[in-house]
>>> print(open('data.cif').read())   # mmCIF, C-alpha atoms
data_my_file
#
loop_
_atom_site.label_atom_id
_atom_site.label_comp_id
_atom_site.auth_asym_id
_atom_site.auth_seq_id
_atom_site.Cartn_x
_atom_site.Cartn_y
_atom_site.Cartn_z
CA MET A 1 43.93 79.72 -15.82
CA ALA A 2 47.15 77.78 -15.25
CA LYS A 3 49.46 75.58 -17.28
CA VAL A 4 49.21 72.15 -15.62
CA LEU A 5 51.04 68.87 -16.17
CA VAL A 6 48.97 65.85 -15.17
CA ALA A 7 50.75 62.64 -14.19
CA LEU A 8 48.69 60.12 -16.18
CA SER A 9 49.19 56.62 -14.78
CA GLY A 10 46.88 54.83 -17.19
CA GLY A 11 44.23 54.51 -14.48
CA VAL A 12 40.85 56.17 -14.37
CA ASP A 13 41.59 58.49 -11.41
CA SER A 14 44.32 60.50 -13.14
CA ALA A 15 42.29 60.43 -16.37
CA VAL A 16 39.36 62.14 -14.66
CA ALA A 17 41.79 64.57 -13.02
CA ALA A 18 42.93 65.67 -16.49
CA LEU A 19 39.34 65.82 -17.72
CA LEU A 20 38.19 68.07 -14.87
CA LEU A 21 41.15 70.42 -15.24
CA LYS A 22 40.46 70.80 -18.95
CA ARG A 23 36.80 71.53 -18.25
CA GLU A 24 37.92 74.29 -15.88
CA GLY A 25 39.79 75.89 -18.76
CA HIS A 26 43.38 75.15 -17.77
CA ASP A 27 46.15 74.56 -20.31
CA VAL A 28 46.44 70.83 -19.61
CA HIS A 29 49.28 68.58 -20.71
CA ALA A 30 49.86 64.95 -19.67
CA ALA A 31 52.88 62.78 -19.01
CA TYR A 32 53.49 59.15 -18.09
CA MET A 33 56.38 58.47 -15.72
CA ARG A 34 58.60 55.71 -17.07
CA THR A 35 60.08 54.02 -14.01
CA TRP A 36 62.13 51.04 -12.86
CA MET A 37 59.50 48.51 -13.84
CA ASN A 38 59.88 49.45 -17.50
CA GLU A 39 63.59 48.84 -17.62
CA GLU A 40 63.26 45.29 -16.31
CA GLY A 41 59.95 44.42 -17.93
CA GLY A 42 61.24 41.74 -20.30
CA LYS A 43 63.22 39.87 -17.66
CA PHE A 44 62.09 39.95 -14.07
CA TYR A 45 59.06 42.23 -13.97
CA GLY A 46 57.14 40.82 -16.91
CA GLU A 47 53.77 40.88 -15.14
CA CYS A 48 53.73 44.64 -14.44
CA PRO A 49 51.47 45.95 -17.21
CA TRP A 50 53.44 49.12 -17.93
CA GLU A 51 53.00 48.87 -21.69
CA ASP A 52 49.25 48.68 -21.16
CA ASP A 53 49.49 51.63 -18.76
CA VAL A 54 51.26 53.76 -21.38
CA ALA A 55 48.72 52.78 -24.03
CA ASN A 56 45.83 53.72 -21.74
CA ALA A 57 47.42 57.02 -20.76
CA ARG A 58 48.07 57.90 -24.39
CA ALA A 59 44.49 56.96 -25.35
CA VAL A 60 43.13 59.24 -22.61
CA ALA A 61 45.28 62.15 -23.81
CA GLU A 62 44.10 61.62 -27.38
CA LYS A 63 40.46 61.52 -26.24
CA LEU A 64 40.91 64.76 -24.31
CA GLU A 65 42.99 66.27 -27.13
CA ILE A 66 45.82 67.28 -24.83
CA PRO A 67 49.60 66.94 -25.45
CA PHE A 68 51.17 63.74 -24.10
CA LYS A 69 54.71 62.55 -23.48
CA VAL A 70 56.60 59.82 -21.63
CA VAL A 71 59.11 61.03 -19.03
CA ASP A 72 62.07 58.72 -18.38
CA LEU A 73 62.70 58.45 -14.63
CA ILE A 74 64.33 55.02 -14.52
CA ASN A 75 67.64 56.14 -13.03
CA ASP A 76 65.87 58.39 -10.52
CA TYR A 77 63.68 55.50 -9.39
CA ARG A 78 66.70 53.29 -8.92
CA GLU A 79 68.44 55.96 -6.85
CA HIS A 80 65.54 57.22 -4.75
CA ILE A 81 63.05 54.37 -4.44
CA VAL A 82 64.59 50.97 -5.17
CA SER A 83 67.70 51.69 -3.12
CA TYR A 84 65.54 52.95 -0.26
CA LEU A 85 63.40 49.84 -0.39
CA VAL A 86 66.30 47.37 -0.50
CA ASP A 87 68.39 49.21 2.09
CA GLY A 88 65.41 49.36 4.42
CA TYR A 89 64.84 45.63 4.35
CA LYS A 90 68.59 44.99 4.70
CA ASN A 91 68.55 47.09 7.87
CA GLY A 92 65.58 45.25 9.32
CA VAL A 93 62.85 47.87 8.84
CA THR A 94 59.67 47.81 6.78
CA PRO A 95 59.86 50.77 4.37
CA ASN A 96 56.93 52.44 2.62
CA PRO A 97 58.02 53.17 -0.96
CA ASP A 98 54.65 54.65 -1.96
CA VAL A 99 54.99 57.53 0.50
CA LEU A 100 58.58 58.20 -0.50
CA CYS A 101 57.65 57.99 -4.18
CA ASN A 102 55.26 60.89 -3.80
CA ARG A 103 57.82 63.11 -2.09
CA GLU A 104 60.89 62.19 -4.13
CA MET A 105 59.41 61.34 -7.53
CA LYS A 106 55.92 62.64 -8.40
CA PHE A 107 56.26 65.90 -6.49
CA GLY A 108 60.07 65.81 -6.56
CA VAL A 109 61.97 64.89 -9.73
CA PHE A 110 58.89 64.81 -11.97
CA ALA A 111 57.59 68.14 -10.67
CA ARG A 112 60.97 69.86 -11.01
CA LYS A 113 61.16 68.78 -14.65
CA ALA A 114 57.65 70.12 -15.18
CA PHE A 115 58.41 73.50 -13.60
CA ALA A 116 61.62 73.78 -15.65
CA ASP A 117 59.44 73.34 -18.75
CA GLY A 118 57.19 76.21 -17.75
CA PHE A 119 54.34 74.40 -15.98
CA GLU A 120 52.82 76.12 -12.96
CA PHE A 121 51.31 73.05 -11.29
CA VAL A 122 51.57 69.27 -11.26
CA ALA A 123 48.33 67.32 -10.83
CA THR A 124 47.65 63.70 -9.88
CA GLY A 125 44.65 61.46 -9.32
CA HIS A 126 45.13 61.20 -5.57
CA TYR A 127 42.00 61.13 -3.42
CA ALA A 128 43.02 64.15 -1.39
CA GLN A 129 42.19 67.84 -1.42
CA ARG A 130 44.29 70.99 -1.51
CA ARG A 131 43.23 74.16 0.30
CA GLY A 132 44.84 77.49 -0.43
CA ASN A 133 45.22 79.83 2.55
CA ALA A 134 45.12 83.62 2.80
CA ASP A 135 48.84 83.75 3.65
CA GLY A 136 49.75 82.02 0.39
CA SER A 137 50.39 78.63 1.97
CA ALA A 138 48.44 75.47 1.15
CA ASP A 139 47.11 72.57 3.18
CA ILE A 140 46.21 68.99 2.28
CA LEU A 141 42.80 67.76 3.38
CA CYS A 142 41.48 64.21 3.42
CA GLY A 143 39.63 63.01 0.35
CA ASN A 144 35.85 63.00 0.64
CA ASP A 145 35.60 59.27 -0.06
CA PRO A 146 36.45 57.54 3.25
CA ASN A 147 37.17 54.30 1.41
CA LYS A 148 39.63 55.90 -1.00
CA ASP A 149 41.24 58.77 0.95
CA GLN A 150 44.95 58.79 0.05
CA SER A 151 46.16 61.71 2.14
CA TYR A 152 48.24 59.22 4.16
CA PHE A 153 50.53 58.74 1.15
CA LEU A 154 51.17 62.50 1.02
CA ALA A 155 52.28 62.80 4.65
CA LEU A 156 55.93 63.60 3.84
CA LEU A 157 55.29 66.35 1.29
CA LYS A 158 56.83 69.76 1.95
CA GLN A 159 55.04 73.11 1.72
CA GLU A 160 56.87 74.11 -1.46
CA GLN A 161 55.57 70.91 -3.07
CA VAL A 162 51.99 71.30 -1.84
CA ARG A 163 51.69 74.90 -3.06
CA ARG A 164 52.22 73.72 -6.65
CA ALA A 165 50.24 70.47 -6.47
CA LEU A 166 46.64 69.89 -7.57
CA PHE A 167 44.34 67.01 -6.61
CA PRO A 168 41.29 67.48 -8.85
CA VAL A 169 39.36 64.33 -7.85
CA GLY A 170 39.66 64.53 -4.05
CA HIS A 171 36.13 65.86 -3.61
CA LEU A 172 34.58 62.90 -5.45
CA LEU A 173 33.41 59.48 -4.31
CA LYS A 174 34.75 56.66 -6.44
CA PRO A 175 31.34 55.78 -7.97
CA GLU A 176 30.92 59.45 -8.93
CA LEU A 177 34.32 59.45 -10.58
CA ARG A 178 33.52 56.30 -12.54
CA LYS A 179 30.27 57.85 -13.73
CA ILE A 180 32.08 61.00 -14.91
CA ALA A 181 34.59 58.87 -16.80
CA GLU A 182 31.89 56.78 -18.49
CA GLU A 183 29.77 59.78 -19.44
CA ALA A 184 32.81 61.46 -20.94
CA GLY A 185 33.65 58.32 -22.91
CA LEU A 186 37.14 57.95 -21.44
CA PRO A 187 38.72 54.78 -22.86
CA ASN A 188 39.78 53.48 -19.42
CA ALA A 189 36.52 54.31 -17.62
CA LYS A 190 36.00 50.70 -16.53
CA ARG A 191 39.63 49.77 -15.97
CA LYS A 192 40.33 48.14 -12.60
CA ASP A 193 42.44 49.93 -10.01
CA SER A 194 46.06 48.84 -9.81
CA GLN A 195 47.36 47.10 -6.68
CA GLY A 196 50.74 46.81 -5.04
CA ILE A 197 54.06 48.55 -5.61
CA CYS A 198 53.98 49.33 -9.29
CA PHE A 199 57.61 48.93 -10.24
CA ILE A 200 57.79 45.35 -8.97
CA GLY A 201 54.50 44.38 -10.55
CA LYS A 202 52.48 41.44 -9.32
CA ILE A 203 55.37 39.44 -7.89
CA ARG A 204 55.76 39.01 -4.14
CA ILE A 205 58.08 41.39 -2.33
CA ASN A 206 60.31 38.51 -1.21
CA GLU A 207 60.84 37.41 -4.81
CA PHE A 208 61.99 40.93 -5.59
CA LEU A 209 64.28 41.10 -2.56
CA GLU A 210 65.91 37.77 -3.45
CA GLN A 211 67.65 39.58 -6.29
CA TYR A 212 69.40 41.91 -3.84
CA ILE A 213 69.57 40.37 -0.37
CA PRO A 214 71.12 36.92 0.18
CA GLU A 215 69.40 34.43 2.43
CA LYS A 216 70.62 34.27 6.02
CA PRO A 217 68.85 31.37 7.75
CA GLY A 218 68.27 31.41 11.49
CA LYS A 219 66.06 30.09 14.24
CA ILE A 220 62.39 30.83 14.79
CA VAL A 221 61.70 30.89 18.55
CA ASN A 222 58.78 31.67 20.83
CA THR A 223 58.96 34.29 23.58
CA ALA A 224 60.29 31.64 26.00
CA GLY A 225 63.18 30.84 23.64
CA LYS A 226 61.87 27.47 22.45
CA ILE A 227 63.00 26.67 18.90
CA LEU A 228 60.00 26.19 16.60
CA GLY A 229 61.57 26.25 13.16
CA GLU A 230 63.92 28.05 10.81
CA HIS A 231 63.62 31.26 8.78
CA LYS A 232 65.41 32.20 5.55
CA GLY A 233 66.31 35.74 6.57
CA LEU A 234 64.90 38.35 8.93
CA HIS A 235 64.34 40.78 6.04
CA ARG A 236 61.48 38.54 4.89
CA TYR A 237 59.31 39.32 7.91
CA THR A 238 57.56 42.25 9.54
CA ILE A 239 55.89 42.73 12.92
CA GLY A 240 52.41 41.22 13.00
CA GLN A 241 53.00 38.97 9.98
CA ARG A 242 51.14 35.67 10.05
CA ARG A 243 51.50 34.19 6.59
CA GLY A 244 54.77 32.71 5.45
CA ILE A 245 56.09 31.71 8.86
CA ASN A 246 55.32 28.05 8.14
CA ILE A 247 54.72 27.03 11.73
CA PRO A 248 51.44 25.18 12.31
CA SER A 249 48.73 26.48 14.61
CA ASN A 250 48.04 24.81 17.96
CA THR A 251 45.09 22.64 18.91
CA ASP A 252 42.98 25.72 19.65
CA ASN A 253 43.57 26.88 16.05
CA GLU A 254 45.65 29.83 17.20
CA TYR A 255 48.21 31.14 14.73
CA TYR A 256 51.71 32.39 15.33
CA VAL A 257 52.58 35.95 14.35
CA VAL A 258 55.91 37.79 14.32
CA VAL A 259 56.48 39.88 17.46
CA ALA A 260 60.23 40.65 17.26
CA LYS A 261 63.38 40.31 15.18
CA ARG A 262 66.61 39.77 17.12
CA PHE A 263 69.40 40.73 14.76
CA GLU A 264 72.38 39.90 16.93
CA GLU A 265 71.10 36.36 17.42
CA ASN A 266 69.49 36.25 13.94
CA GLU A 267 66.29 34.99 15.58
CA LEU A 268 62.71 35.52 14.57
CA VAL A 269 60.43 35.69 17.61
CA VAL A 270 56.81 34.57 17.27
CA ALA A 271 53.83 34.28 19.59
CA PHE A 272 50.12 33.61 19.48
CA ASP A 273 48.12 36.75 18.77
CA HIS A 274 46.75 37.58 22.21
CA PRO A 275 46.01 41.10 23.53
CA GLY A 276 48.93 42.49 25.46
CA VAL A 277 51.67 40.42 23.80
CA PRO A 278 54.86 42.54 24.13
CA GLY A 279 56.18 43.66 20.77
CA LEU A 280 52.84 43.10 19.07
CA TYR A 281 50.59 45.48 21.03
CA THR A 282 51.70 48.86 22.31
CA ASP A 283 50.40 52.07 23.85
CA GLU A 284 53.32 54.22 22.72
CA SER A 285 55.77 54.70 19.89
CA PHE A 286 58.65 56.91 18.84
CA VAL A 287 58.99 58.53 15.44
CA ASN A 288 61.80 60.49 13.80
CA ASN A 289 62.42 62.35 10.55
CA LEU A 290 59.28 64.42 11.11
CA SER A 291 58.08 66.29 8.04
CA TRP A 292 55.43 69.02 8.00
CA VAL A 293 53.04 69.97 5.20
CA ASN A 294 52.67 73.52 6.53
CA LYS A 295 53.44 74.72 10.05
CA PRO A 296 55.34 72.36 12.38
CA VAL A 297 53.90 71.18 15.66
CA THR A 298 56.40 72.18 18.35
CA GLU A 299 54.45 71.72 21.59
CA LYS A 300 52.84 68.75 23.31
CA CYS A 301 49.25 68.41 22.12
CA GLU A 302 46.44 66.05 21.19
CA LEU A 303 46.21 65.08 17.52
CA LEU A 304 44.78 62.39 15.30
CA ALA A 305 47.08 59.86 13.69
CA ARG A 306 46.88 57.12 11.11
CA VAL A 307 49.34 54.30 11.73
CA ARG A 308 48.66 52.59 8.38
CA TYR A 309 46.89 53.58 5.17
CA ARG A 310 43.79 51.46 5.73
CA ASP A 311 43.51 52.19 9.46
CA ALA A 312 41.05 54.71 10.85
CA SER A 313 42.41 57.81 12.54
CA THR A 314 43.15 57.34 16.22
CA PRO A 315 43.63 59.99 18.98
CA ILE A 316 47.16 60.47 20.30
CA VAL A 317 49.17 62.69 22.61
CA PHE A 318 52.04 64.03 20.54
CA THR A 319 55.20 65.18 22.35
CA PRO A 320 57.97 66.52 20.09
CA ASP A 321 61.52 66.10 21.33
CA GLY A 322 62.96 69.19 19.63
CA ASN A 323 65.32 67.11 17.47
CA GLY A 324 63.03 66.10 14.63
CA GLY A 325 61.38 63.26 16.54
CA ALA A 326 58.51 62.73 18.93
CA HIS A 327 56.94 60.44 21.49
CA VAL A 328 53.45 59.24 20.55
CA ALA A 329 51.05 58.01 23.22
CA TYR A 330 47.97 56.22 21.87
CA LYS A 331 44.63 56.51 23.59
CA HIS A 332 43.78 53.11 22.15
CA THR A 333 46.28 50.25 22.07
CA GLN A 334 47.75 49.68 18.62
CA ARG A 335 48.76 46.42 16.98
CA ALA A 336 51.78 45.52 14.82
CA ILE A 337 53.60 48.82 14.44
CA ALA A 338 56.75 48.20 12.41
CA SER A 339 59.95 50.23 12.28
CA GLY A 340 60.31 52.12 9.02
CA GLN A 341 56.59 52.58 8.44
CA ILE A 342 54.93 56.00 8.27
CA LEU A 343 52.79 57.68 10.92
CA ALA A 344 50.54 60.35 9.38
CA LEU A 345 49.42 63.21 11.64
CA TYR A 346 46.13 65.12 11.38
CA ASP A 347 44.20 67.97 12.92
CA GLY A 348 40.67 66.88 12.09
CA ASN A 349 40.70 66.30 8.34
CA VAL A 350 43.80 68.45 7.77
CA LEU A 351 47.01 66.52 7.12
CA LEU A 352 49.74 68.06 9.25
CA GLY A 353 52.63 65.84 8.23
CA GLY A 354 54.22 62.58 9.24
CA GLY A 355 57.18 60.73 10.65
CA VAL A 356 58.97 57.39 10.46
CA TYR A 357 58.59 54.79 13.20
CA LEU A 358 61.80 53.93 15.06
#
>>> encode(input="data.cif", output="structure tokens")
Amino acid sequence: MAKVLVALSGGVDSAVAALLLKREGHDVHAAYMRTWMNEEGGKFYGECPWEDDVANARAVAEKLEIPFKVVDLINDYREHIVSYLVDGYKNGVTPNPDVLCNREMKFGVFARKAFADGFEFVATGHYAQRRGNADGSADILCGNDPNKDQSYFLALLKQEQVRRALFPVGHLLKPELRKIAEEAGLPNAKRKDSQGICFIGKIRINEFLEQYIPEKPGKIVNTAGKILGEHKGLHRYTIGQRRGINIPSNTDNEYYVVVAKRFEENELVVAFDHPGVPGLYTDESFVNNLSWVNKPVTEKCELLARVRYRDASTPIVFTPDGNGGAHVAYKHTQRAIASGQILALYDGNVLLGGGVYL
């Protein structure tokens, strides 16, 4: 049996993860990660229920009779996650802080602290599965619940991180997990799942960015160059966005969506959402900063890919360029792929890794 530190978030998924590990006989401890949201809670992020999260996590640990502590990662979050998020939007891309958080924080800073304290593994409530291999390596598999599979968010993990990670609930369906929690009398068994980027709470992303990026108004134009309105700053928009443009639909009740951002002209380009609109629909993409969970893919081949968390896997032809990037050809046209987002790569239900859209 192993000494395991469980990252308790206050939610039911990580609570059941700790429960299952204890039932297996492991030496289970729990910790809550104190992040950016906590530092600003009384001022700007008052709606993020971190105090309630800590209380729920502590109550779970007391119910399970396992040691519990709060780990202060505020400065690490500012350095690794908040800066990444703000810099990304400043540079015109749409970053994914949840994916980076897993690599840099949960299985990065948090895990290193755990290992320094003598823990052998770090466990989370992710809906994903870990498979140990005969050669000592480990793979990440999709979670069994197709509606909850979170392997996408683990696409940038490295092998050294995966070997010492545990995902105890990945084999369960969500209703099964809830039933286990209720039967065990866990205090948060019926607690709702959290939504959004935790450290900025329930506020809109643009309200958060207003604290860091000044407005830079410019023209909103259609693909023919006709001026339709004015935007407050290109960082407020992403490809495929419909809401918040504030341009009325036409007589056929068609809505404008963002299809391009022209930074030199400071123009936001919009069009009606029709199949084949350049910039909105594409049959190919380029990714860089490729990261591999286990063995890298070095030759042209057919794979499965997930272009967004909630999207189904889609077949692709993957052609690496030898410099940490690749050309991706989709067998089915894709909509609204934004620079800075993550492409997750699969071989069947095995997560191979991921890259960042150019």
>>> resolve_selection(input="data.cif", expression="the PyMOL selection byres ((chain A and resi 140-147) around 12)", output="VMD selection string")
chain A and resid 125 to 133 137 to 139 148 to 159 161 to 177 292 to 294 306 309 to 313 344 to 353
>>> closest_residue(input="data.cif", among="A:Tyr32, A:Tyr84, A:Phe68, A:Tyr237", to="Lys106 of chain A", atoms="all atoms listed in the file")
A:Tyr32
>>> atom_distance(input="data.cif", atom1="atom CA of Leu73 of chain A", atom2="atom CA of Tyr89 of chain A")
23.0 Å
>>> residues_around(input="data.cif", residues="segment 238-249 of chain A", least_positions_apart="6", cutoff="12 Å", atoms="all atoms listed in the file", output="compact mmCIF listing (two decimals) with C-alpha atoms, keeping the file's coordinate frame")
# COMPACT_ATOMS: atom_id res chain seq x y z
CA GLY A 88 65.41 49.36 4.42
CA TYR A 89 64.84 45.63 4.35
CA GLY A 92 65.58 45.25 9.32
CA VAL A 93 62.85 47.87 8.84
CA THR A 94 59.67 47.81 6.78
CA PRO A 95 59.86 50.77 4.37
CA ARG A 204 55.76 39.01 -4.14
CA ILE A 205 58.08 41.39 -2.33
CA ASN A 206 60.31 38.51 -1.21
CA LYS A 219 66.06 30.09 14.24
CA ILE A 220 62.39 30.83 14.79
CA VAL A 221 61.70 30.89 18.55
CA ASN A 222 58.78 31.67 20.83
CA ILE A 227 63.00 26.67 18.90
CA LEU A 228 60.00 26.19 16.60
CA GLY A 229 61.57 26.25 13.16
CA GLU A 230 63.92 28.05 10.81
CA HIS A 231 63.62 31.26 8.78
CA LYS A 232 65.41 32.20 5.55
CA TYR A 255 48.21 31.14 14.73
CA TYR A 256 51.71 32.39 15.33
CA VAL A 257 52.58 35.95 14.35
CA VAL A 258 55.91 37.79 14.32
CA VAL A 259 56.48 39.88 17.46
CA ALA A 260 60.23 40.65 17.26
CA LYS A 261 63.38 40.31 15.18
CA ARG A 262 66.61 39.77 17.12
CA LEU A 268 62.71 35.52 14.57
CA VAL A 269 60.43 35.69 17.61
CA VAL A 270 56.81 34.57 17.27
CA ALA A 271 53.83 34.28 19.59
CA PHE A 272 50.12 33.61 19.48
CA ASP A 273 48.12 36.75 18.77
CA HIS A 274 46.75 37.58 22.21
CA VAL A 277 51.67 40.42 23.80
CA PRO A 278 54.86 42.54 24.13
CA GLY A 279 56.18 43.66 20.77
CA LEU A 280 52.84 43.10 19.07
CA TYR A 281 50.59 45.48 21.03
CA THR A 282 51.70 48.86 22.31
CA GLN A 334 47.75 49.68 18.62
CA ARG A 335 48.76 46.42 16.98
CA ALA A 336 51.78 45.52 14.82
CA ILE A 337 53.60 48.82 14.44
CA ALA A 338 56.75 48.20 12.41
CA SER A 339 59.95 50.23 12.28
CA GLY A 340 60.31 52.12 9.02
CA GLN A 341 56.59 52.58 8.44
>>> closest_residue(input="data.cif", among="A:Ser14, A:Ser9, A:Thr333, A:Gln211", to="Val82 of chain A", atoms="only C-alpha atoms")
A:Gln211
>>> closest_residue(input="data.cif", among="A:Asn250, A:Asn323, A:Asn288, A:Asn266", to="His235 of chain A", atoms="only C-alpha atoms")
A:Asn266
>>> resolve_selection(input="data.cif", expression="the PyMOL selection byres ((chain A and resi 8) around 10)", output="PyMOL selection string")
chain A and resi 5-7+9-18+29-33+53-54+56-58+60-61+68-70+123-125
>>> resolve_selection(input="data.cif", expression="the PyMOL selection byres ((chain A and resi 112) around 12)", output="list in words")
Leu5, Arg103, Glu104, Met105, Lys106, Phe107, Gly108, Val109, Phe110, Ala111, Lys113, Ala114, Phe115, Ala116, Asp117, Gly118, Phe119, Glu120, Phe121, Val122, Glu160, Gln161, Arg164 and Ala165 of chain A
>>> closest_residue(input="data.cif", among="A:Asn289, A:Phe208, A:Asn91, A:Glu299", to="Leu234 of chain A", atoms="all atoms listed in the file")
A:Asn91
>>> atom_distance(input="data.cif", atom1="atom CA of Gly324 of chain A", atom2="atom CA of Val297 of chain A")
10.5 Å
>>> closest_residue(input="data.cif", among="A:Gly25, A:Val287, A:Phe318, A:Glu267", to="Thr223 of chain A", atoms="all atoms listed in the file")
A:Glu267
>>> atom_distance(input="data.cif", atom1="atom CA of Arg178 of chain A", atom2="atom CA of Leu20 of chain A")
12.9 Å
>>> axis_aligned_box(input="data.cif", around="segment 126-143 of chain A", padding_each_side="8 Å", output="lines of an AutoDock Vina configuration file")
center_x = 45.0
center_y = 72.4
center_z = -1.0
size_x = 26.8
size_y = 38.6
size_z = 25.2
>>> residues_around(input="data.cif", residues="Ala329 of chain A", least_positions_apart="4", cutoff="9 Å", atoms="all atoms listed in the file", output="PyMOL selection string")
chain A and resi 283-286+315-319
>>> closest_residue(input="data.cif", among="A:Glu65, A:Lys331, A:Leu290, A:Lys179", to="Glu302 of chain A", atoms="only C-alpha atoms")
A:Lys331
>>> residues_around(input="data.cif", residues="Gly185 of chain A", least_positions_apart="3", cutoff="10 Å", atoms="all atoms listed in the file", output="PyMOL selection string")
chain A and resi 60+63-64+179-182+188-189
>>> build_atoms(input="data.cif", residues="segment 108-124 of chain A", atoms="N, CA, C and O atoms", output="short mmCIF file (atom, residue, chain, number, x, y, z; two decimals), in the coordinates of the input")
data_model
loop_
_atom_site.label_atom_id
_atom_site.label_comp_id
_atom_site.auth_asym_id
_atom_site.auth_seq_id
_atom_site.Cartn_x
_atom_site.Cartn_y
_atom_site.Cartn_z
N GLY A 108 58.65 65.50 -6.65
CA GLY A 108 60.07 65.81 -6.56
C GLY A 108 60.66 65.94 -7.95
O GLY A 108 60.54 66.96 -8.61
N VAL A 109 61.29 64.87 -8.43
CA VAL A 109 61.97 64.89 -9.73
C VAL A 109 61.01 65.24 -10.87
O VAL A 109 61.29 66.12 -11.70
N PHE A 110 59.86 64.57 -10.91
CA PHE A 110 58.89 64.81 -11.97
C PHE A 110 58.41 66.26 -11.96
O PHE A 110 58.33 66.93 -13.00
N ALA A 111 58.08 66.76 -10.78
CA ALA A 111 57.59 68.14 -10.67
C ALA A 111 58.66 69.15 -11.07
O ALA A 111 58.37 70.14 -11.76
N ARG A 112 59.90 68.91 -10.66
CA ARG A 112 60.97 69.86 -11.01
C ARG A 112 61.17 69.93 -12.52
O ARG A 112 61.41 71.00 -13.08
N LYS A 113 61.07 68.78 -13.18
CA LYS A 113 61.16 68.78 -14.65
C LYS A 113 60.01 69.57 -15.25
O LYS A 113 60.18 70.32 -16.22
N ALA A 114 58.81 69.41 -14.68
CA ALA A 114 57.65 70.12 -15.18
C ALA A 114 57.82 71.63 -15.03
O ALA A 114 57.56 72.41 -15.95
N PHE A 115 58.26 72.06 -13.85
CA PHE A 115 58.41 73.50 -13.60
C PHE A 115 59.51 74.09 -14.50
O PHE A 115 59.39 75.24 -14.96
N ALA A 116 60.55 73.31 -14.76
CA ALA A 116 61.62 73.78 -15.65
C ALA A 116 61.09 73.97 -17.07
O ALA A 116 61.64 74.78 -17.84
N ASP A 117 60.04 73.23 -17.42
CA ASP A 117 59.44 73.34 -18.75
C ASP A 117 58.32 74.38 -18.81
O ASP A 117 57.60 74.46 -19.81
N GLY A 118 58.14 75.12 -17.73
CA GLY A 118 57.19 76.21 -17.75
C GLY A 118 55.82 75.91 -17.16
O GLY A 118 54.92 76.76 -17.22
N PHE A 119 55.63 74.71 -16.60
CA PHE A 119 54.34 74.40 -15.98
C PHE A 119 54.25 75.07 -14.60
O PHE A 119 55.25 75.18 -13.88
N GLU A 120 53.04 75.47 -14.25
CA GLU A 120 52.82 76.12 -12.96
C GLU A 120 52.43 75.14 -11.86
O GLU A 120 52.71 75.37 -10.69
N PHE A 121 51.76 74.05 -12.25
CA PHE A 121 51.31 73.05 -11.29
C PHE A 121 51.51 71.64 -11.85
O PHE A 121 51.54 71.44 -13.06
N VAL A 122 51.61 70.70 -10.93
CA VAL A 122 51.57 69.27 -11.26
C VAL A 122 50.32 68.70 -10.61
O VAL A 122 50.02 68.99 -9.44
N ALA A 123 49.58 67.90 -11.35
CA ALA A 123 48.33 67.32 -10.83
C ALA A 123 48.39 65.80 -10.89
O ALA A 123 49.02 65.22 -11.78
N THR A 124 47.73 65.17 -9.92
CA THR A 124 47.65 63.70 -9.88
C THR A 124 46.21 63.29 -9.58
O THR A 124 45.36 64.12 -9.29
#
